[in-house]
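A quick write-up on the structure given underneath.
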Amino acid sequence: MNIWVDADACPAVIKDILYRAAQRVQQPLTLVANQMLRTPPSPLIRAVQVPRGFDVADEYIVERVATGDLVITADIPLASEVLGKGAWVLSPRGEHYTADSISERLTMRDMMEELRSAGVDTEGPAAFSQTDRRAFANALDRLLQKALRENTVGRF
């Protein structure tokens with residue numbers, strides 16, 4: 001199992017949780033961003049800087065993700081693409097996207113985009129909170145434990 005992070009907009013506190021989790025379960029963690037990122041020294045953790053451009057980081061992840069990998073992203077279209085490749089997807093706020101839930105999220109995203117295009121102020125997402133951090137940590141632990149129980153961690 002590889003853990004992929006769409007890191008440009010990922011909160012630092014979530015990255016810290018992921019660094020510790022990768023070490024705990026001894027699985028590789030790759031942060032992908034169009035800017036240089038600092039990571040703790042570890043053979044399991046690496047940062048990849050991609051060129052600036054629309055969806056360049058997303059395309060990098062989609063090209064390399066495999067069945068059973070875990071992707072951390074708030075990007076709904078990216079989540080949909082990697083779900084189609086058999087990956088697990090978790091948002092930085094702890095929402096576990098599934099094949100069943102992603103179509104509803106895509107529809108909502110498209111509707112909000114149309115409203116913004118029409119000049120409606122949709123206010124954007126709420127500020128990241130301690131509750132979000134806890135929700136992410138708990139959801140990540142559940143997904144990693146499920147992978148361990150199903151004996152998928154370490155086989156990819």
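Each chain in the structure tokens gets a letter, A, B, ..., in the order shown, and its residues are numbered from 1; ligands are numbered from 1 in order too.
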*Selection near segment 74-80 of chain A, 6 Å with only C-alpha atoms, sequence-local residues under 2 positions removed, as an NGL selection string*: :A and (82-83 or 91)
*Give the strand (DSSP E or B) residues of chain A, as assigned by DSSP on the backbone, as a PyMOL selection string.*
chain A and resi 3-6+29-33+45-49+70-72+88-90+96-97
_Residue nearest Ala137 of chain A - candidates A:Gly86, A:Ile45, A:Pro92, A:Thr67, atoms counted: only C-alpha atoms_ =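 Among A:Gly86, A:Ile45, A:Pro92, A:Thr67, it is A:Pro92 that comes nearest to Ala137 of chain A.
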*Suppose you want the space between atom CA of Ala135 of chain A and atom CA of Leu18 of chain A; what is it in Å?*
13.4 Å
*Which one is closest to Ala139 of chain A: A:Pro125, A:Gly119, A:Pro43, A:Gly94? Count only C-alpha atoms.*
A:Gly94
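The protein and nucleic acid residues lying at most 9 Å from Arg46 of chain A are Pro28, Leu29, Thr30, Leu31, Val32, Arg38, Thr39 and Pro40 of chain A, with only C-alpha atoms considered and sequence neighbours fewer than 6 positions away removed.
In this model, the gap between atom CA of Glu59 of chain A and atom CA of Ala21 of chain A comes to 24.7 Å.
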*Rank A:Ala33, A:Val56, A:Arg133, A:Thr98 by their smallest atom-to-atom distance to Lys85 of chain A, using only C-alpha atoms, and report the top residue only.*
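Residue with the minimum atom-to-atom distance to Lys85 of chain A: A:Thr98.
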*asked:* I need the residue nearest Asp55 of chain A from this list: A:Pro41, A:Leu144, A:Asp8, A:Glu95. Use only C-alpha atoms for the distance.
replied: A:Asp8
*asked:* Which residues are close to Trp88 of chain A, i.e. within 7 Å by only C-alpha atoms, leaving aside same-chain residues fewer than 3 positions away? Reply as a VMD selection string.
replied: chain A and resid 68 to 71 83
*Which of these, A:Val50, A:Ile72, A:Ala22, A:Val120, has the shortest distance to Trp4 of chain A once you count only C-alpha atoms?*
A:Ile72
*Residue nearest Phe128 of chain A among A:Ala66, A:Leu37, A:Lys15, A:Arg93 (counting only C-alpha atoms)*: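 Smallest distance to Phe128 of chain A is found for A:Arg93.
Atom CA of Ser129 of chain A to atom CA of Asn34 of chain A spans 25.0 Å [interatomic distance, one decimal].
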